[in-house]
file protein30.txt (compact mmCIF, C-alpha atoms and all ligand atoms)
# COMPACT_ATOMS: atom_id res chain seq x y z
CA MET M 1 0.00 0.00 0.00
CA SER M 2 1.37 3.43 -0.87
CA GLU M 3 1.80 5.94 1.94
CA LYS M 4 -1.10 8.28 2.72
CA THR M 5 -0.96 11.62 0.86
CA ILE M 6 -1.07 13.81 3.99
CA LEU M 7 1.83 11.91 5.56
CA ARG M 8 3.84 12.35 2.36
CA ALA M 9 3.19 16.10 2.30
CA LEU M 10 4.16 16.33 5.99
CA LYS M 11 7.50 14.69 5.15
CA GLY M 12 8.12 17.50 2.69
CA GLU M 13 6.97 15.92 -0.55
CA ARG M 14 5.42 18.13 -3.19
CA LEU M 15 2.35 16.38 -4.66
CA PRO M 16 0.77 17.13 -8.06
CA VAL M 17 -2.65 17.55 -6.36
CA PRO M 18 -2.50 18.80 -2.75
CA PRO M 19 -4.25 16.61 -0.17
CA VAL M 20 -7.22 18.39 1.43
CA TRP M 21 -9.31 18.50 4.59
CA MET M 22 -11.20 21.34 6.34
CA MET M 23 -11.08 22.77 9.84
CA ARG M 24 -14.47 22.05 11.54
CA GLN M 25 -15.34 19.70 8.68
CA ALA M 26 -17.71 17.84 11.03
CA GLY M 27 -20.15 20.56 11.98
CA ARG M 28 -23.44 22.34 11.82
CA TYR M 29 -23.34 23.14 8.06
CA LEU M 30 -24.04 19.39 7.52
CA PRO M 31 -27.65 18.17 8.05
CA GLU M 32 -26.34 14.72 9.05
CA TYR M 33 -24.24 16.36 11.83
CA ARG M 34 -27.28 18.22 13.15
CA ALA M 35 -29.24 14.96 13.21
CA THR M 36 -26.55 13.09 15.18
CA ARG M 37 -26.11 15.98 17.60
CA ALA M 38 -29.87 15.95 18.23
CA LYS M 39 -29.62 12.21 18.95
CA ALA M 40 -26.78 12.88 21.43
CA GLY M 41 -28.80 15.64 23.12
CA ASP M 42 -26.07 18.26 23.32
CA PHE M 43 -22.55 19.01 22.10
CA LEU M 44 -20.65 17.67 25.13
CA SER M 45 -22.62 14.40 25.17
CA LEU M 46 -21.69 14.07 21.50
CA CYS M 47 -17.99 14.56 22.36
CA TYR M 48 -18.10 11.96 25.15
CA THR M 49 -20.12 9.25 23.32
CA PRO M 50 -17.49 7.42 21.24
CA ASP M 51 -19.88 5.79 18.74
CA LEU M 52 -21.57 9.11 17.96
CA ALA M 53 -18.33 11.14 17.95
CA ALA M 54 -16.88 8.60 15.50
CA GLU M 55 -20.04 8.81 13.40
CA VAL M 56 -19.82 12.60 12.98
CA THR M 57 -16.07 12.38 12.30
CA LEU M 58 -16.82 10.01 9.41
CA GLN M 59 -19.69 12.05 7.93
CA PRO M 60 -17.55 14.53 5.93
CA ILE M 61 -15.26 11.66 4.83
CA ASN M 62 -18.23 9.71 3.46
CA ARG M 63 -19.72 12.78 1.79
CA TYR M 64 -16.59 14.34 0.29
CA GLY M 65 -13.69 11.88 0.50
CA PHE M 66 -11.31 14.24 2.32
CA ASP M 67 -7.72 13.01 2.69
CA ALA M 68 -7.84 13.41 6.48
CA ALA M 69 -10.38 13.00 9.26
CA ILE M 70 -10.01 15.08 12.43
CA LEU M 71 -11.08 13.47 15.68
CA PHE M 72 -14.38 14.96 16.87
CA ALA M 73 -13.80 16.54 20.28
CA ASP M 74 -13.05 20.05 21.55
CA ILE M 75 -10.03 21.93 22.90
CA LEU M 76 -12.01 22.71 26.06
CA LEU M 77 -12.34 19.07 27.17
CA LEU M 78 -8.81 19.32 28.64
CA PRO M 79 -9.66 22.17 31.08
CA GLN M 80 -12.68 20.10 32.09
CA ALA M 81 -10.39 17.12 32.73
CA LEU M 82 -8.19 19.42 34.85
CA GLY M 83 -11.20 20.05 37.07
CA LEU M 84 -13.01 23.09 35.66
CA ASP M 85 -16.76 23.12 35.02
CA LEU M 86 -17.59 23.36 31.30
CA TRP M 87 -20.90 23.96 29.57
CA PHE M 88 -22.04 25.39 26.23
CA VAL M 89 -24.72 28.08 25.96
CA THR M 90 -26.67 27.66 22.71
CA GLY M 91 -26.00 30.52 20.34
CA GLU M 92 -23.29 31.97 22.61
CA GLY M 93 -20.50 29.41 23.02
CA PRO M 94 -18.49 27.87 25.82
CA ARG M 95 -18.59 28.78 29.53
CA LEU M 96 -16.10 27.56 32.14
CA SER M 97 -15.44 28.10 35.83
CA THR M 98 -12.32 30.29 35.99
CA VAL M 99 -8.71 30.13 37.21
CA THR M 100 -7.23 33.55 38.02
CA THR M 101 -5.03 33.06 41.10
CA ALA M 102 -2.05 30.96 42.23
CA ALA M 103 -4.42 29.06 44.53
CA GLY M 104 -6.69 28.34 41.56
CA VAL M 105 -3.75 26.99 39.57
CA ARG M 106 -2.72 24.80 42.53
CA ALA M 107 -6.27 23.42 42.80
CA LEU M 108 -6.19 22.00 39.26
CA LYS M 109 -6.01 18.22 39.03
CA PRO M 110 -2.62 16.73 38.13
CA ALA M 111 -1.92 15.77 34.51
CA SER M 112 -2.02 12.09 35.54
CA ALA M 113 -5.74 12.45 36.42
CA ILE M 114 -6.97 13.71 33.03
CA HIS M 115 -7.54 10.26 31.54
CA ASP M 116 -10.48 9.63 33.91
CA THR M 117 -12.42 12.27 31.97
CA LEU M 118 -10.81 11.87 28.55
CA SER M 119 -10.83 8.10 28.05
CA PRO M 120 -13.97 8.25 25.81
CA VAL M 121 -11.94 10.45 23.42
CA TYR M 122 -9.29 7.72 23.13
CA GLU M 123 -12.05 5.19 22.44
CA THR M 124 -13.32 7.42 19.60
CA VAL M 125 -9.80 7.34 18.13
CA ARG M 126 -9.70 3.52 18.32
CA ILE M 127 -13.07 3.21 16.56
CA LEU M 128 -11.96 5.61 13.85
CA ARG M 129 -8.74 3.72 13.12
CA ARG M 130 -10.87 0.63 12.50
CA GLU M 131 -13.51 2.36 10.38
CA LEU M 132 -11.67 4.94 8.29
CA PRO M 133 -10.81 4.11 4.67
CA SER M 134 -7.19 2.93 4.36
CA GLU M 135 -6.16 6.09 2.44
CA THR M 136 -7.53 8.54 5.05
CA THR M 137 -5.21 10.00 7.71
CA LEU M 138 -6.51 10.41 11.26
CA ILE M 139 -5.60 13.71 12.94
CA GLY M 140 -5.72 14.08 16.73
CA PHE M 141 -5.57 17.55 18.31
CA ALA M 142 -5.45 19.81 21.32
CA GLY M 143 -5.50 23.53 21.93
CA ALA M 144 -2.10 25.17 22.40
CA PRO M 145 -1.54 26.26 26.03
CA TRP M 146 -1.99 30.02 25.49
CA THR M 147 -5.35 29.57 23.73
CA VAL M 148 -6.59 27.06 26.32
CA ALA M 149 -5.44 29.41 29.10
CA THR M 150 -7.44 32.33 27.62
CA TYR M 151 -10.64 30.30 28.07
CA MET M 152 -9.65 29.04 31.55
CA ILE M 153 -8.88 32.55 32.80
CA ALA M 154 -11.89 34.35 31.25
CA GLY M 155 -14.39 31.49 31.53
CA ARG M 156 -15.47 32.18 27.95
CA GLY M 157 -14.29 33.36 24.55
CA THR M 158 -13.18 37.00 24.56
CA PRO M 159 -12.59 39.39 21.64
CA ASP M 160 -9.16 40.58 22.86
CA GLN M 161 -8.18 37.92 25.44
CA GLY M 162 -8.17 40.79 27.97
CA PRO M 163 -8.48 38.69 31.17
CA ALA M 164 -5.55 36.44 30.16
CA HIS M 165 -3.37 39.45 29.30
CA ALA M 166 -4.32 41.01 32.65
CA MET M 167 -3.32 37.91 34.64
CA LYS M 168 -0.07 37.72 32.65
CA ALA M 169 0.70 41.36 33.56
CA GLU M 170 -0.42 41.28 37.21
CA ASN M 171 0.54 37.79 38.32
CA ARG M 172 3.13 36.54 35.87
CA GLU M 173 4.31 33.72 38.11
CA ALA M 174 0.86 32.15 38.53
CA PHE M 175 0.20 32.71 34.82
CA SER M 176 3.45 30.94 33.83
CA THR M 177 2.66 28.07 36.19
CA LEU M 178 -0.77 27.75 34.56
CA ILE M 179 0.85 27.58 31.10
CA ASP M 180 3.26 24.91 32.39
CA ARG M 181 0.42 22.84 33.88
CA ILE M 182 -1.54 22.97 30.62
CA THR M 183 1.61 22.10 28.64
CA GLU M 184 2.27 19.05 30.80
CA ALA M 185 -1.36 17.83 30.59
CA THR M 186 -1.45 18.45 26.81
CA ILE M 187 1.60 16.21 26.33
CA ASP M 188 -0.11 13.36 28.21
CA TYR M 189 -3.42 13.94 26.41
CA LEU M 190 -1.84 13.90 22.95
CA SER M 191 0.39 10.91 23.80
CA ALA M 192 -2.75 8.95 24.71
CA GLN M 193 -4.38 9.98 21.39
CA ILE M 194 -1.29 8.75 19.52
CA GLU M 195 -1.25 5.47 21.45
CA ALA M 196 -4.94 5.00 20.52
CA GLY M 197 -4.15 5.52 16.82
CA ALA M 198 -3.88 9.22 15.90
CA GLU M 199 -1.39 9.52 13.00
CA VAL M 200 -0.86 13.29 13.00
CA ILE M 201 -1.30 15.90 15.75
CA LYS M 202 -2.60 19.42 15.27
CA LEU M 203 -2.15 22.19 17.86
CA PHE M 204 -4.72 24.99 17.65
CA ASP M 205 -3.36 28.32 18.89
CA SER M 206 -6.38 30.30 17.78
CA TRP M 207 -5.46 33.40 19.81
CA ALA M 208 -1.69 33.43 19.12
CA GLY M 209 -2.17 36.69 17.19
CA SER M 210 -2.78 38.69 20.36
CA LEU M 211 0.66 37.86 21.79
CA ARG M 212 3.26 40.55 21.03
CA GLY M 213 7.06 40.58 21.05
CA GLN M 214 8.67 38.49 23.79
CA ASP M 215 5.23 37.22 24.89
CA PHE M 216 4.89 35.49 21.52
CA ASP M 217 8.23 33.73 22.11
CA ASP M 218 7.39 32.80 25.70
CA PHE M 219 3.76 31.73 25.36
CA ALA M 220 3.15 30.78 21.69
CA ILE M 221 6.53 29.37 20.61
CA GLU M 222 7.95 27.91 23.83
CA PRO M 223 4.99 25.74 25.01
CA THR M 224 4.49 24.51 21.44
CA ARG M 225 8.20 23.65 21.20
CA GLN M 226 8.04 21.73 24.49
CA ILE M 227 4.94 19.76 23.45
CA ILE M 228 6.43 18.84 20.07
CA ALA M 229 9.79 17.82 21.59
CA ALA M 230 8.09 15.60 24.19
CA LEU M 231 5.73 13.98 21.65
CA LYS M 232 8.56 13.28 19.22
CA SER M 233 10.72 11.76 21.92
CA ARG M 234 7.88 9.49 23.09
CA HIS M 235 6.60 8.73 19.57
CA PRO M 236 9.47 9.15 17.10
CA GLY M 237 8.31 10.38 13.70
CA ILE M 238 4.86 11.63 14.80
CA PRO M 239 4.11 14.62 12.53
CA VAL M 240 2.76 17.84 14.09
CA ILE M 241 0.84 20.69 12.44
CA ALA M 242 0.96 23.98 14.37
CA PHE M 243 -1.66 26.71 13.87
CA PRO M 244 -0.53 30.02 15.38
CA ARG M 245 -3.58 31.85 14.03
CA GLU M 246 -3.03 35.51 13.02
CA ALA M 247 0.70 35.29 13.79
CA GLY M 248 1.28 37.50 10.72
CA PRO M 249 5.03 38.13 10.29
CA ARG M 250 5.73 35.67 13.14
CA TYR M 251 4.72 32.82 10.81
CA THR M 252 8.25 33.26 9.43
CA GLY M 253 10.54 30.82 11.22
CA PHE M 254 7.72 29.33 13.33
CA ALA M 255 8.35 25.76 12.11
CA ARG M 256 12.09 26.04 12.79
CA ALA M 257 11.55 27.54 16.25
CA THR M 258 9.00 24.93 17.38
CA GLY M 259 9.97 21.78 15.45
CA ALA M 260 6.54 21.64 13.75
CA ASP M 261 6.41 19.64 10.50
CA CYS M 262 3.79 21.96 9.06
CA VAL M 263 2.47 25.43 9.78
CA ALA M 264 -1.24 26.10 9.22
CA LEU M 265 -1.92 29.55 7.76
CA ASP M 266 -4.97 31.71 8.44
CA ASN M 267 -6.50 33.65 5.57
CA SER M 268 -5.10 37.04 6.63
CA VAL M 269 -1.71 36.18 5.10
CA SER M 270 -1.21 36.15 1.35
CA ALA M 271 -0.48 32.77 -0.20
CA ASP M 272 2.29 34.27 -2.36
CA TRP M 273 4.00 35.76 0.71
CA ALA M 274 3.68 32.49 2.67
CA ALA M 275 4.97 30.42 -0.27
CA ALA M 276 8.17 32.49 -0.20
CA GLU M 277 8.55 33.02 3.56
CA VAL M 278 7.01 30.00 5.32
CA GLN M 279 6.95 27.15 2.79
CA LYS M 280 10.72 27.44 2.40
CA ASP M 281 10.98 25.66 5.79
CA GLY M 282 8.60 22.82 4.88
CA CYS M 283 4.95 21.91 4.52
CA VAL M 284 2.25 24.57 4.86
CA GLN M 285 -1.49 24.13 5.28
CA GLY M 286 -4.21 26.54 4.21
CA ASN M 287 -5.60 29.05 3.57
CA LEU M 288 -8.93 29.64 1.82
CA ASP M 289 -11.22 32.23 3.43
CA PRO M 290 -14.15 30.23 4.93
CA ARG M 291 -16.55 33.03 3.87
CA LEU M 292 -16.11 31.83 0.28
CA LEU M 293 -17.91 28.59 1.20
CA VAL M 294 -20.91 30.74 2.09
CA GLU M 295 -20.69 33.05 -0.92
CA GLY M 296 -19.69 30.47 -3.56
CA GLY M 297 -19.69 31.60 -7.20
CA GLU M 298 -16.75 32.31 -9.45
CA THR M 299 -14.62 33.80 -6.65
CA LEU M 300 -14.65 30.50 -4.76
CA GLU M 301 -13.20 28.70 -7.75
CA THR M 302 -10.65 31.34 -8.77
CA GLU M 303 -9.42 31.78 -5.17
CA THR M 304 -9.15 28.00 -4.66
CA ARG M 305 -7.07 27.66 -7.85
CA ARG M 306 -4.95 30.69 -6.95
CA ILE M 307 -4.01 29.11 -3.57
CA VAL M 308 -3.23 25.73 -5.16
CA ARG M 309 -1.00 27.49 -7.72
CA ALA M 310 0.75 29.73 -5.16
CA PHE M 311 1.85 26.70 -3.09
CA SER M 312 2.47 24.37 -6.04
CA ASN M 313 6.28 24.49 -5.81
CA GLY M 314 6.47 22.82 -2.39
CA PRO M 315 4.66 20.63 0.13
CA HIS M 316 1.09 21.84 0.73
CA ILE M 317 -2.08 20.56 2.40
CA PHE M 318 -5.13 22.47 1.19
CA ASN M 319 -7.38 23.75 4.00
CA LEU M 320 -9.35 26.80 5.10
CA GLY M 321 -7.83 29.73 6.98
CA HIS M 322 -10.21 28.99 9.89
CA GLY M 323 -13.20 26.71 10.58
CA ILE M 324 -16.07 26.32 8.13
CA THR M 325 -19.12 28.23 9.44
CA PRO M 326 -22.65 26.86 10.05
CA ASP M 327 -24.07 28.98 7.20
CA ALA M 328 -21.74 27.45 4.56
CA ASP M 329 -23.42 25.67 1.63
CA PRO M 330 -22.40 21.96 1.48
CA GLU M 331 -22.52 22.23 -2.34
CA ASN M 332 -19.78 24.87 -2.24
CA VAL M 333 -17.47 22.36 -0.54
CA GLN M 334 -18.02 20.09 -3.55
CA ARG M 335 -17.15 23.01 -5.88
CA MET M 336 -13.97 23.74 -3.90
CA LEU M 337 -12.90 20.08 -4.16
CA ALA M 338 -13.58 20.04 -7.91
CA ALA M 339 -11.38 23.13 -8.32
CA ILE M 340 -8.55 21.49 -6.34
CA ARG M 341 -8.76 18.00 -7.82
CA GLY M 342 -10.17 18.78 -11.26
O1 LIG V 401 -14.35 18.93 12.71
C1 LIG V 401 -13.49 19.39 13.50
O2 LIG V 401 -12.79 20.38 13.24
C2 LIG V 401 -13.17 18.60 14.76
C3 LIG V 401 -13.71 19.05 16.01
C4 LIG V 401 -13.39 20.41 16.60
C5 LIG V 401 -14.37 21.17 17.26
N1 LIG V 401 -13.75 22.25 17.86
C6 LIG V 401 -15.79 20.85 17.33
C7 LIG V 401 -16.76 21.89 17.70
C8 LIG V 401 -12.18 21.08 16.74
C9 LIG V 401 -10.81 20.73 16.17
C10 LIG V 401 -12.42 22.23 17.56
C11 LIG V 401 -11.36 23.17 17.98
C12 LIG V 401 -11.73 24.33 18.78
N2 LIG V 401 -12.70 24.45 19.74
C13 LIG V 401 -11.01 25.56 18.75
C14 LIG V 401 -9.79 25.85 17.92
C15 LIG V 401 -10.08 26.14 16.50
C16 LIG V 401 -10.82 27.45 16.26
O3 LIG V 401 -12.00 27.38 15.92
O4 LIG V 401 -10.20 28.52 16.41
C17 LIG V 401 -11.64 26.44 19.66
C18 LIG V 401 -11.24 27.88 19.95
C19 LIG V 401 -12.69 25.71 20.29
C20 LIG V 401 -13.59 26.20 21.38
C21 LIG V 401 -15.00 26.22 20.95
N3 LIG V 401 -15.77 25.09 20.69
C22 LIG V 401 -15.80 27.36 20.74
C23 LIG V 401 -15.35 28.80 20.90
C24 LIG V 401 -17.06 26.89 20.35
C25 LIG V 401 -18.29 27.74 20.13
C26 LIG V 401 -18.26 28.40 18.80
C27 LIG V 401 -18.97 27.55 17.79
O5 LIG V 401 -18.43 27.41 16.68
O6 LIG V 401 -20.07 27.08 18.13
C28 LIG V 401 -17.02 25.48 20.28
C29 LIG V 401 -18.11 24.55 19.90
C30 LIG V 401 -17.81 23.53 18.84
N4 LIG V 401 -16.67 22.79 18.75
C31 LIG V 401 -18.70 23.11 17.80
C32 LIG V 401 -18.04 22.09 17.09
C33 LIG V 401 -18.60 21.30 15.93
C34 LIG V 401 -20.11 23.62 17.59
C35 LIG V 401 -20.95 22.98 18.63
C36 LIG V 401 -22.34 22.68 18.20
O7 LIG V 401 -22.59 21.64 17.57
O8 LIG V 401 -23.20 23.50 18.57
call {"tool": "encode", "arguments": {"input": "protein30.txt", "output": "structure tokens"}}
result
Amino acid sequence: MSEKTILRALKGERLPVPPVWMMRQAGRYLPEYRATRAKAGDFLSLCYTPDLAAEVTLQPINRYGFDAAILFADILLLPQALGLDLWFVTGEGPRLSTVTTAAGVRALKPASAIHDTLSPVYETVRILRRELPSETTLIGFAGAPWTVATYMIAGRGTPDQGPAHAMKAENREAFSTLIDRITEATIDYLSAQIEAGAEVIKLFDSWAGSLRGQDFDDFAIEPTRQIIAALKSRHPGIPVIAFPREAGPRYTGFARATGADCVALDNSVSADWAAAEVQKDGCVQGNLDPRLLVEGGETLETETRRIVRAFSNGPHIFNLGHGITPDADPENVQRMLAAIRG
């Protein structure tokens, strides 16, 4: 059997047609996802019921034949496993109990205790490795420590990550300890996903763009570097995709600084710039604007082809610059795939 396309791209191979998957490919834009979520009752029950989580992971593979499946779970399951309360408010998003003090950081459960909560996630991975087509790569994931910390400190998503920046400024020691605790737990969480069968790991640092200067080095690069070094020492050869969203000029050199095999690009950076500045260090992933899957039309096709062409001289995995949105038209995904593969 020939090696899976995504794994070849991650080793630095340039392929005539880039392999493709989409962030949030299992989600509310698909009627079959909405049906399974209704059966589960709510989003967290869906995440923690392995048969149903595997079912929604497979839905976009069955419908579109993507080259990779991403485990269905959420980056906020880890804070829950560390002892925080987590719930989702319909139409608003996640809510968590908060950690803002040194005492709060000390009260978190140890990394060794996370598997009590997270074992259903590993079971989902085992089911998927049995059920996925032999050519489809299974991606496991976690949030990067800074992004996870922003939710743990604020108890919710925030436009500017203000509460996390405030804790970093006012209580840097407790903040750094929190980052270390998340880093340590993330290593154990991802190791368990790999042992269950995940073939690639993706780290989502969705709020990396709000870290400036030395803070970007200390809290976006350094925890990511530590996680990747630990995973590669425990599981030699495991490929890692890092997504420091909205890093802008800091995308340059990010793979070298962290040891990532691939850097995922958001759609605020130009593909031509990234082909010259980021792809010179290895594989890149991205970066179609997810709005185009709502709007469709000629622009969807010309933009898709332009991105394929811009990255055609090196290793590239086609993806969106951020997650597909609930109002996207499933037919537009088919049009995007035709433009990539046709
Ligand atoms: O298909 C996939 O991509 C795999 C599963 C996945 C989900 N969330 C499922 C989900 C992945 C990889 C994530 C990552 C995630 N979760 C991130 C990082 C990527 C990014 O989007 O920047 C973040 C920040 C979260 C936290 C989170 N989860 C938020 C802020 C929300 C609410 C916003 C929203 O889109 O509803 C969620 C909920 C969530 N996670 C949904 C899904 C499919 C929607 C839940 C539903 O069905 O109502």
call {"tool": "residues_around", "arguments": {"input": "protein30.txt", "residues": "Arg341 in chain M", "least_positions_apart": "2", "cutoff": "12 Å", "atoms": "only C-alpha atoms", "output": "PyMOL selection string"}}
result
chain M and resi 15-20+64-67+301+304-305+308+318+334-339
call {"tool": "residues_near_ligand", "arguments": {"input": "protein30.txt", "ligand": "ligand LIG 401 (chain V)", "cutoff": "8 Å", "atoms": "all atoms listed in the file", "output": "PDB file with C-alpha atoms, keeping the file's coordinate frame"}}
result
ATOM      1  CA  MET M  22     -11.200  21.340   6.340  1.00  0.00           C
ATOM      2  CA  MET M  23     -11.080  22.770   9.840  1.00  0.00           C
ATOM      3  CA  ARG M  24     -14.470  22.050  11.540  1.00  0.00           C
ATOM      4  CA  GLN M  25     -15.340  19.700   8.680  1.00  0.00           C
ATOM      5  CA  ALA M  26     -17.710  17.840  11.030  1.00  0.00           C
ATOM      6  CA  GLY M  27     -20.150  20.560  11.980  1.00  0.00           C
ATOM      7  CA  ARG M  28     -23.440  22.340  11.820  1.00  0.00           C
ATOM      8  CA  TYR M  33     -24.240  16.360  11.830  1.00  0.00           C
ATOM      9  CA  ARG M  34     -27.280  18.220  13.150  1.00  0.00           C
ATOM     10  CA  ARG M  37     -26.110  15.980  17.600  1.00  0.00           C
ATOM     11  CA  ASP M  42     -26.070  18.260  23.320  1.00  0.00           C
ATOM     12  CA  PHE M  43     -22.550  19.010  22.100  1.00  0.00           C
ATOM     13  CA  THR M  57     -16.070  12.380  12.300  1.00  0.00           C
ATOM     14  CA  ALA M  69     -10.380  13.000   9.260  1.00  0.00           C
ATOM     15  CA  ILE M  70     -10.010  15.080  12.430  1.00  0.00           C
ATOM     16  CA  LEU M  71     -11.080  13.470  15.680  1.00  0.00           C
ATOM     17  CA  PHE M  72     -14.380  14.960  16.870  1.00  0.00           C
ATOM     18  CA  ALA M  73     -13.800  16.540  20.280  1.00  0.00           C
ATOM     19  CA  ASP M  74     -13.050  20.050  21.550  1.00  0.00           C
ATOM     20  CA  ILE M  75     -10.030  21.930  22.900  1.00  0.00           C
ATOM     21  CA  LEU M  76     -12.010  22.710  26.060  1.00  0.00           C
ATOM     22  CA  PHE M  88     -22.040  25.390  26.230  1.00  0.00           C
ATOM     23  CA  THR M  90     -26.670  27.660  22.710  1.00  0.00           C
ATOM     24  CA  GLY M  91     -26.000  30.520  20.340  1.00  0.00           C
ATOM     25  CA  GLU M  92     -23.290  31.970  22.610  1.00  0.00           C
ATOM     26  CA  GLY M  93     -20.500  29.410  23.020  1.00  0.00           C
ATOM     27  CA  PRO M  94     -18.490  27.870  25.820  1.00  0.00           C
ATOM     28  CA  PHE M 141      -5.570  17.550  18.310  1.00  0.00           C
ATOM     29  CA  ALA M 142      -5.450  19.810  21.320  1.00  0.00           C
ATOM     30  CA  GLY M 143      -5.500  23.530  21.930  1.00  0.00           C
ATOM     31  CA  THR M 147      -5.350  29.570  23.730  1.00  0.00           C
ATOM     32  CA  VAL M 148      -6.590  27.060  26.320  1.00  0.00           C
ATOM     33  CA  ARG M 156     -15.470  32.180  27.950  1.00  0.00           C
ATOM     34  CA  GLY M 157     -14.290  33.360  24.550  1.00  0.00           C
ATOM     35  CA  PHE M 204      -4.720  24.990  17.650  1.00  0.00           C
ATOM     36  CA  ASP M 205      -3.360  28.320  18.890  1.00  0.00           C
ATOM     37  CA  SER M 206      -6.380  30.300  17.780  1.00  0.00           C
ATOM     38  CA  TRP M 207      -5.460  33.400  19.810  1.00  0.00           C
ATOM     39  CA  ARG M 245      -3.580  31.850  14.030  1.00  0.00           C
ATOM     40  CA  HIS M 322     -10.210  28.990   9.890  1.00  0.00           C
ATOM     41  CA  GLY M 323     -13.200  26.710  10.580  1.00  0.00           C
ATOM     42  CA  THR M 325     -19.120  28.230   9.440  1.00  0.00           C
ATOM     43  CA  PRO M 326     -22.650  26.860  10.050  1.00  0.00           C
TER      44      PRO M 326
END
call {"tool": "atom_distance", "arguments": {"input": "protein30.txt", "atom1": "CA of Leu10 in chain M", "atom2": "CA of Cys283 in chain M"}}
result
5.8 Å
call {"tool": "atom_distance", "arguments": {"input": "protein30.txt", "atom1": "CA of Ile139 in chain M", "atom2": "CA of Gln193 in chain M"}}
result
9.3 Å
call {"tool": "closest_residue", "arguments": {"input": "protein30.txt", "among": "M:Glu170, M:Gly296, M:Ala144, M:Ser210", "to": "Ile228 in chain M", "atoms": "only C-alpha atoms"}}
result
M:Ala144
call {"tool": "residues_near_point", "arguments": {"input": "protein30.txt", "point": "(4.4, 19.0, 0.8)", "cutoff": "6 Å", "atoms": "only C-alpha atoms", "output": "list in words"}}
result
Ala9, Leu10, Gly12, Glu13, Arg14, Cys283, Gly314, Pro315 and His316 of chain M
call {"tool": "atom_distance", "arguments": {"input": "protein30.txt", "atom1": "CA of Trp273 in chain M", "atom2": "CA of Thr252 in chain M"}}
result
10.0 Å
call {"tool": "residues_around", "arguments": {"input": "protein30.txt", "residues": "Leu77 in chain M", "least_positions_apart": "3", "cutoff": "9 Å", "atoms": "all atoms listed in the file", "output": "list of chain:residue names"}}
result
M:Leu44, M:Cys47, M:Ala73, M:Asp74, M:Gln80, M:Ala81, M:Leu82, M:Leu86, M:Thr117, M:Leu118
call {"tool": "closest_residue", "arguments": {"input": "protein30.txt", "among": "M:Leu58, M:Leu265, M:Ala230, M:Ile179", "to": "Gly209 in chain M", "atoms": "only C-alpha atoms"}}
result
M:Leu265
call {"tool": "closest_atom_pairs", "arguments": {"input": "protein30.txt", "of": "range 148-195 of chain M", "to": "range 217-227 of chain M", "cutoff": "10 Å", "atoms": "only C-alpha atoms", "output": "CSV"}}
result
residue,atom,partner,partner_atom,distance
M:Ser176,CA,M:Phe219,CA,8.5
M:Ile179,CA,M:Pro223,CA,7.6
M:Asp180,CA,M:Pro223,CA,7.6
M:Ile182,CA,M:Pro223,CA,9.0
M:Thr183,CA,M:Pro223,CA,6.2
M:Glu184,CA,M:Ile227,CA,7.9
M:Ala185,CA,M:Ile227,CA,9.7
M:Thr186,CA,M:Ile227,CA,7.3
M:Ile187,CA,M:Ile227,CA,5.7
M:Asp188,CA,M:Ile227,CA,9.4
M:Leu190,CA,M:Ile227,CA,9.0
M:Ser191,CA,M:Ile227,CA,10.0
call {"tool": "closest_residue", "arguments": {"input": "protein30.txt", "among": "M:Pro236, M:Pro244, M:Gly41, M:Gly321", "to": "Trp146 in chain M", "atoms": "only C-alpha atoms"}}
result
M:Pro244
call {"tool": "closest_residue", "arguments": {"input": "protein30.txt", "among": "M:Ala169, M:Leu138, M:Ala257, M:Ala35", "to": "Thr5 in chain M", "atoms": "all atoms listed in the file"}}
result
M:Leu138
call {"tool": "closest_residue", "arguments": {"input": "protein30.txt", "among": "M:His235, M:Arg95, M:Lys109, M:Arg126", "to": "Ile153 in chain M", "atoms": "only C-alpha atoms"}}
result
M:Arg95
call {"tool": "decode", "arguments": {"input": "protein30.txt", "residues": "range 19-26 of chain M", "atoms": "N, CA and C atoms", "output": "PDB file, in the first residue's frame"}}
result
ATOM      1  N   PRO M  19      -3.213  17.242  -0.993  1.00  0.00           N
ATOM      2  CA  PRO M  19      -4.247  16.610  -0.171  1.00  0.00           C
ATOM      3  C   PRO M  19      -5.079  17.691   0.515  1.00  0.00           C
ATOM      4  N   VAL M  20      -6.316  17.358   0.899  1.00  0.00           N
ATOM      5  CA  VAL M  20      -7.220  18.387   1.432  1.00  0.00           C
ATOM      6  C   VAL M  20      -8.086  17.840   2.567  1.00  0.00           C
ATOM      7  N   TRP M  21      -8.265  18.690   3.584  1.00  0.00           N
ATOM      8  CA  TRP M  21      -9.312  18.499   4.592  1.00  0.00           C
ATOM      9  C   TRP M  21      -9.717  19.893   5.041  1.00  0.00           C
ATOM     10  N   MET M  22     -10.739  20.012   5.915  1.00  0.00           N
ATOM     11  CA  MET M  22     -11.197  21.343   6.335  1.00  0.00           C
ATOM     12  C   MET M  22     -11.305  21.414   7.853  1.00  0.00           C
ATOM     13  N   MET M  23     -10.849  22.543   8.421  1.00  0.00           N
ATOM     14  CA  MET M  23     -11.083  22.765   9.843  1.00  0.00           C
ATOM     15  C   MET M  23     -12.591  22.816  10.095  1.00  0.00           C
ATOM     16  N   ARG M  24     -13.046  22.165  11.176  1.00  0.00           N
ATOM     17  CA  ARG M  24     -14.469  22.046  11.542  1.00  0.00           C
ATOM     18  C   ARG M  24     -15.278  21.338  10.457  1.00  0.00           C
ATOM     19  N   GLN M  25     -14.628  20.367   9.770  1.00  0.00           N
ATOM     20  CA  GLN M  25     -15.345  19.704   8.676  1.00  0.00           C
ATOM     21  C   GLN M  25     -16.550  18.902   9.175  1.00  0.00           C
ATOM     22  N   ALA M  26     -16.520  18.437  10.426  1.00  0.00           N
ATOM     23  CA  ALA M  26     -17.712  17.837  11.035  1.00  0.00           C
ATOM     24  C   ALA M  26     -18.407  18.961  11.786  1.00  0.00           C
TER      25      ALA M  26
END
